[in-house]
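Worksheet for the structure shown next.
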Amino acid sequence: MAKIYSKPSSVNETNNLNPKEETVGFILAYSRAIKFCNYKKTQFETILN
Amino acid sequence: MKSVLTDDATLVSNYIQGDEDSLSILIKKHKQRIYSFIYSKVYDRDISEDVFQDTFIKVIKTLKKGRYNEEGKFLPWVMRIAHNLVIDHFRRNNRMPKFDNSGEFSIFSVLSDNSLNAEKQMVRDQVNVDIKRVIEELPEDQKEVLKMRVYQEMSFKEISERTGVSINTALGRMRYALINMRKTIEKNNMILTN
């Protein structure tokens, strides 16, 4: 019987991961900051600082 | 209870109309699946964070620009974006997922390169030349038996038939051949190991 040397990746290791709170926070802040304005046929992107 | 009861399509629709909390609910609802999917491809927490962030930046831009059409489901669409960004990441780094070899287990303990490098090849060539010289020093009858046994892989029965001597004589010649070779090697301080 051949030995299996590779470590099996546990289901928990790859399936129960969550992004950091800071990452989610950044995304939500980015979402609040970004605005798109349409002027005639042009779309402008603005980000609030 | 709003997050449980409201489906993705409604949340997306609310978000497009300016309800920022809907995005928060959507992220909360799907972050584990999306992040785990990304991590299962890149196997690096920091890169996973970056790809996750870029995925949602793309989602936000598409939704706010009004370019999202609710043909498919929200989650498969986000997963597709994440998948494309993972591919972009590997393209940018011009490599495929690699084994980082950071744990206790070393991949190199299993994988080895058996081919000789230039130095080892030179040493082996030198050893072969020396062995040939040692063999050439042997008396003709011993040399004959040794070559048949080692290089032609003949049995002692075959050797005895070929040389017209008994098996015991062939064995004896082989024995003396080895003894004489050892003597020559010791006498000349030859090192015949690779």
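Chain labels run A, B, ... following the order of the structure tokens; each chain numbers its residues from 1, and ligands are numbered from 1 in the order shown.
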
Could you make a table, as a Markdown table, of the residues of chain A that have an atom within 9 Å of an atom of chain B, each with its nearest atom pair and distance in Å to one decimal, counting only C-alpha atoms, in chain and number order?
```
| residue | atom | partner | partner_atom | distance |
| --- | --- | --- | --- | --- |
| A:Tyr5 | CA | B:Val110 | CA | 7.8 |
| A:Ser6 | CA | B:Phe105 | CA | 7.9 |
| A:Lys7 | CA | B:Phe105 | CA | 8.1 |
| A:Glu13 | CA | B:Ser36 | CA | 8.9 |
| A:Thr14 | CA | B:Ser36 | CA | 5.6 |
| A:Asn15 | CA | B:Ser36 | CA | 5.2 |
| A:Asn16 | CA | B:Gln32 | CA | 6.5 |
| A:Leu17 | CA | B:Ser36 | CA | 5.4 |
| A:Asn18 | CA | B:Gln32 | CA | 4.9 |
| A:Pro19 | CA | B:Glu49 | CA | 6.1 |
| A:Lys20 | CA | B:Glu49 | CA | 7.4 |
| A:Thr23 | CA | B:Gln53 | CA | 6.4 |
| A:Val24 | CA | B:Gln53 | CA | 7.6 |
| A:Phe26 | CA | B:Gln53 | CA | 8.1 |
| A:Ile27 | CA | B:Gln53 | CA | 6.5 |
| A:Leu28 | CA | B:Ser24 | CA | 6.7 |
| A:Tyr30 | CA | B:Ile57 | CA | 7.7 |
| A:Ser31 | CA | B:Ile60 | CA | 6.3 |
| A:Arg32 | CA | B:Glu20 | CA | 6.9 |
| A:Ile34 | CA | B:Lys61 | CA | 8.2 |
| A:Lys35 | CA | B:Lys64 | CA | 7.4 |
| A:Phe36 | CA | B:Lys65 | CA | 6.4 |
| A:Cys37 | CA | B:Lys65 | CA | 8.7 |
| A:Gln43 | CA | B:Lys65 | CA | 8.2 |
```

Q | Near-Lys143 (chain B) list (10 Å; only C-alpha atoms; drop same-chain fewer than 4 positions) as a PyMOL selection string | A | chain B and resi 134-139+147-149+173-174+176-178

Filtering to N, CA and C atoms, could you give me those residues as a PDB file, in the first residue's frame?
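That gives us out_5.pdb:
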```pdb
ATOM      1  N   VAL B 134      41.491  -0.864 -13.650  1.00  0.00           N
ATOM      2  CA  VAL B 134      41.703  -1.914 -12.642  1.00  0.00           C
ATOM      3  C   VAL B 134      41.399  -3.285 -13.249  1.00  0.00           C
ATOM      4  N   ILE B 135      40.324  -3.347 -14.020  1.00  0.00           N
ATOM      5  CA  ILE B 135      39.948  -4.632 -14.637  1.00  0.00           C
ATOM      6  C   ILE B 135      41.049  -5.090 -15.615  1.00  0.00           C
ATOM      7  N   GLU B 136      41.600  -4.128 -16.348  1.00  0.00           N
ATOM      8  CA  GLU B 136      42.627  -4.460 -17.342  1.00  0.00           C
ATOM      9  C   GLU B 136      43.887  -5.027 -16.689  1.00  0.00           C
ATOM     10  N   GLU B 137      44.069  -4.715 -15.392  1.00  0.00           N
ATOM     11  CA  GLU B 137      45.242  -5.228 -14.661  1.00  0.00           C
ATOM     12  C   GLU B 137      45.102  -6.719 -14.323  1.00  0.00           C
ATOM     13  N   LEU B 138      43.879  -7.235 -14.381  1.00  0.00           N
ATOM     14  CA  LEU B 138      43.628  -8.622 -13.948  1.00  0.00           C
ATOM     15  C   LEU B 138      44.204  -9.624 -14.942  1.00  0.00           C
ATOM     16  N   PRO B 139      44.544 -10.817 -14.434  1.00  0.00           N
ATOM     17  CA  PRO B 139      44.936 -11.889 -15.354  1.00  0.00           C
ATOM     18  C   PRO B 139      43.781 -12.203 -16.314  1.00  0.00           C
ATOM     19  N   LYS B 147      34.023 -10.019 -16.556  1.00  0.00           N
ATOM     20  CA  LYS B 147      33.261  -9.290 -17.579  1.00  0.00           C
ATOM     21  C   LYS B 147      31.964 -10.008 -17.934  1.00  0.00           C
ATOM     22  N   MET B 148      32.048 -11.338 -18.038  1.00  0.00           N
ATOM     23  CA  MET B 148      30.833 -12.107 -18.358  1.00  0.00           C
ATOM     24  C   MET B 148      29.795 -11.987 -17.251  1.00  0.00           C
ATOM     25  N   ARG B 149      30.284 -12.034 -16.004  1.00  0.00           N
ATOM     26  CA  ARG B 149      29.358 -12.002 -14.874  1.00  0.00           C
ATOM     27  C   ARG B 149      28.749 -10.600 -14.683  1.00  0.00           C
ATOM     28  N   ARG B 173      37.592 -17.997  -9.934  1.00  0.00           N
ATOM     29  CA  ARG B 173      38.204 -16.912 -10.726  1.00  0.00           C
ATOM     30  C   ARG B 173      37.539 -15.561 -10.418  1.00  0.00           C
ATOM     31  N   MET B 174      36.248 -15.637 -10.248  1.00  0.00           N
ATOM     32  CA  MET B 174      35.505 -14.403  -9.910  1.00  0.00           C
ATOM     33  C   MET B 174      35.974 -13.872  -8.546  1.00  0.00           C
ATOM     34  N   TYR B 176      38.822 -14.443  -7.021  1.00  0.00           N
ATOM     35  CA  TYR B 176      40.176 -13.900  -7.107  1.00  0.00           C
ATOM     36  C   TYR B 176      40.194 -12.572  -7.866  1.00  0.00           C
ATOM     37  N   ALA B 177      39.325 -12.477  -8.845  1.00  0.00           N
ATOM     38  CA  ALA B 177      39.247 -11.205  -9.600  1.00  0.00           C
ATOM     39  C   ALA B 177      38.900 -10.056  -8.653  1.00  0.00           C
ATOM     40  N   LEU B 178      37.902 -10.308  -7.787  1.00  0.00           N
ATOM     41  CA  LEU B 178      37.476  -9.256  -6.837  1.00  0.00           C
ATOM     42  C   LEU B 178      38.582  -8.955  -5.817  1.00  0.00           C
TER      43      LEU B 178
END
```

Q: Could you check how far CA of Leu171 (chain B) sits from CA of Phe156 (chain B), in Å to one decimal?
A: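 A separation of 6.9 Å between them.
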
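The coordinates place CA of Ser22 (chain B) at 13.3 Å from CA of Ala29 (chain A).
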
(Q) One decimal, in Å: what's the spacing between CA of Val145 (chain B) and CA of Thr163 (chain B)? (A) 8.3 Å

Q.
Set the distance at 12 Å and use only C-alpha atoms: which residues neighbour Met190 (chain B) once local chain neighbours fewer than 2 positions away are removed? I'd like the list as a PyMOL selection string.
A. chain B and resi 126-131+133-134+181-188+192-193

How would the residues just chosen look if you wrote them out with N, CA and C atoms as a PDB file, in the first residue's frame?
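Output file result_35.pdb follows:
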```
ATOM      1  N   GLN B 126      34.886   9.488 -14.364  1.00  0.00           N
ATOM      2  CA  GLN B 126      36.241   9.201 -13.867  1.00  0.00           C
ATOM      3  C   GLN B 126      36.284   7.836 -13.180  1.00  0.00           C
ATOM      4  N   VAL B 127      35.234   7.555 -12.384  1.00  0.00           N
ATOM      5  CA  VAL B 127      35.156   6.267 -11.684  1.00  0.00           C
ATOM      6  C   VAL B 127      35.118   5.129 -12.701  1.00  0.00           C
ATOM      7  N   ASN B 128      34.333   5.309 -13.766  1.00  0.00           N
ATOM      8  CA  ASN B 128      34.240   4.273 -14.797  1.00  0.00           C
ATOM      9  C   ASN B 128      35.592   4.019 -15.466  1.00  0.00           C
ATOM     10  N   VAL B 129      36.317   5.084 -15.742  1.00  0.00           N
ATOM     11  CA  VAL B 129      37.636   4.955 -16.368  1.00  0.00           C
ATOM     12  C   VAL B 129      38.581   4.191 -15.441  1.00  0.00           C
ATOM     13  N   ASP B 130      38.541   4.544 -14.130  1.00  0.00           N
ATOM     14  CA  ASP B 130      39.417   3.883 -13.153  1.00  0.00           C
ATOM     15  C   ASP B 130      39.085   2.396 -13.046  1.00  0.00           C
ATOM     16  N   ILE B 131      37.798   2.087 -13.006  1.00  0.00           N
ATOM     17  CA  ILE B 131      37.393   0.677 -12.886  1.00  0.00           C
ATOM     18  C   ILE B 131      37.893  -0.114 -14.101  1.00  0.00           C
ATOM     19  N   ARG B 133      40.479   0.480 -15.877  1.00  0.00           N
ATOM     20  CA  ARG B 133      41.939   0.297 -15.747  1.00  0.00           C
ATOM     21  C   ARG B 133      42.251  -0.822 -14.763  1.00  0.00           C
ATOM     22  N   VAL B 134      41.491  -0.864 -13.650  1.00  0.00           N
ATOM     23  CA  VAL B 134      41.703  -1.914 -12.642  1.00  0.00           C
ATOM     24  C   VAL B 134      41.399  -3.285 -13.249  1.00  0.00           C
ATOM     25  N   MET B 181      41.264  -6.984  -7.540  1.00  0.00           N
ATOM     26  CA  MET B 181      40.817  -5.604  -7.803  1.00  0.00           C
ATOM     27  C   MET B 181      40.906  -4.766  -6.537  1.00  0.00           C
ATOM     28  N   ARG B 182      40.464  -5.336  -5.417  1.00  0.00           N
ATOM     29  CA  ARG B 182      40.537  -4.604  -4.143  1.00  0.00           C
ATOM     30  C   ARG B 182      41.974  -4.243  -3.805  1.00  0.00           C
ATOM     31  N   LYS B 183      42.855  -5.215  -4.042  1.00  0.00           N
ATOM     32  CA  LYS B 183      44.275  -4.960  -3.755  1.00  0.00           C
ATOM     33  C   LYS B 183      44.779  -3.793  -4.599  1.00  0.00           C
ATOM     34  N   THR B 184      44.454  -3.814  -5.882  1.00  0.00           N
ATOM     35  CA  THR B 184      44.918  -2.753  -6.780  1.00  0.00           C
ATOM     36  C   THR B 184      44.363  -1.399  -6.348  1.00  0.00           C
ATOM     37  N   ILE B 185      43.094  -1.406  -5.965  1.00  0.00           N
ATOM     38  CA  ILE B 185      42.445  -0.152  -5.551  1.00  0.00           C
ATOM     39  C   ILE B 185      43.120   0.405  -4.293  1.00  0.00           C
ATOM     40  N   GLU B 186      43.372  -0.497  -3.318  1.00  0.00           N
ATOM     41  CA  GLU B 186      44.025  -0.056  -2.066  1.00  0.00           C
ATOM     42  C   GLU B 186      45.444   0.428  -2.323  1.00  0.00           C
ATOM     43  N   LYS B 187      46.133  -0.318  -3.174  1.00  0.00           N
ATOM     44  CA  LYS B 187      47.527   0.020  -3.466  1.00  0.00           C
ATOM     45  C   LYS B 187      47.636   1.417  -4.089  1.00  0.00           C
ATOM     46  N   ASN B 188      46.703   1.730  -4.929  1.00  0.00           N
ATOM     47  CA  ASN B 188      46.762   3.010  -5.636  1.00  0.00           C
ATOM     48  C   ASN B 188      45.940   4.126  -4.980  1.00  0.00           C
ATOM     49  N   LEU B 192      36.608   5.067  -5.504  1.00  0.00           N
ATOM     50  CA  LEU B 192      35.661   4.735  -6.579  1.00  0.00           C
ATOM     51  C   LEU B 192      34.215   4.897  -6.122  1.00  0.00           C
ATOM     52  N   THR B 193      33.959   5.996  -5.453  1.00  0.00           N
ATOM     53  CA  THR B 193      32.569   6.266  -5.076  1.00  0.00           C
ATOM     54  C   THR B 193      32.150   7.587  -5.690  1.00  0.00           C
TER      55      THR B 193
END
```
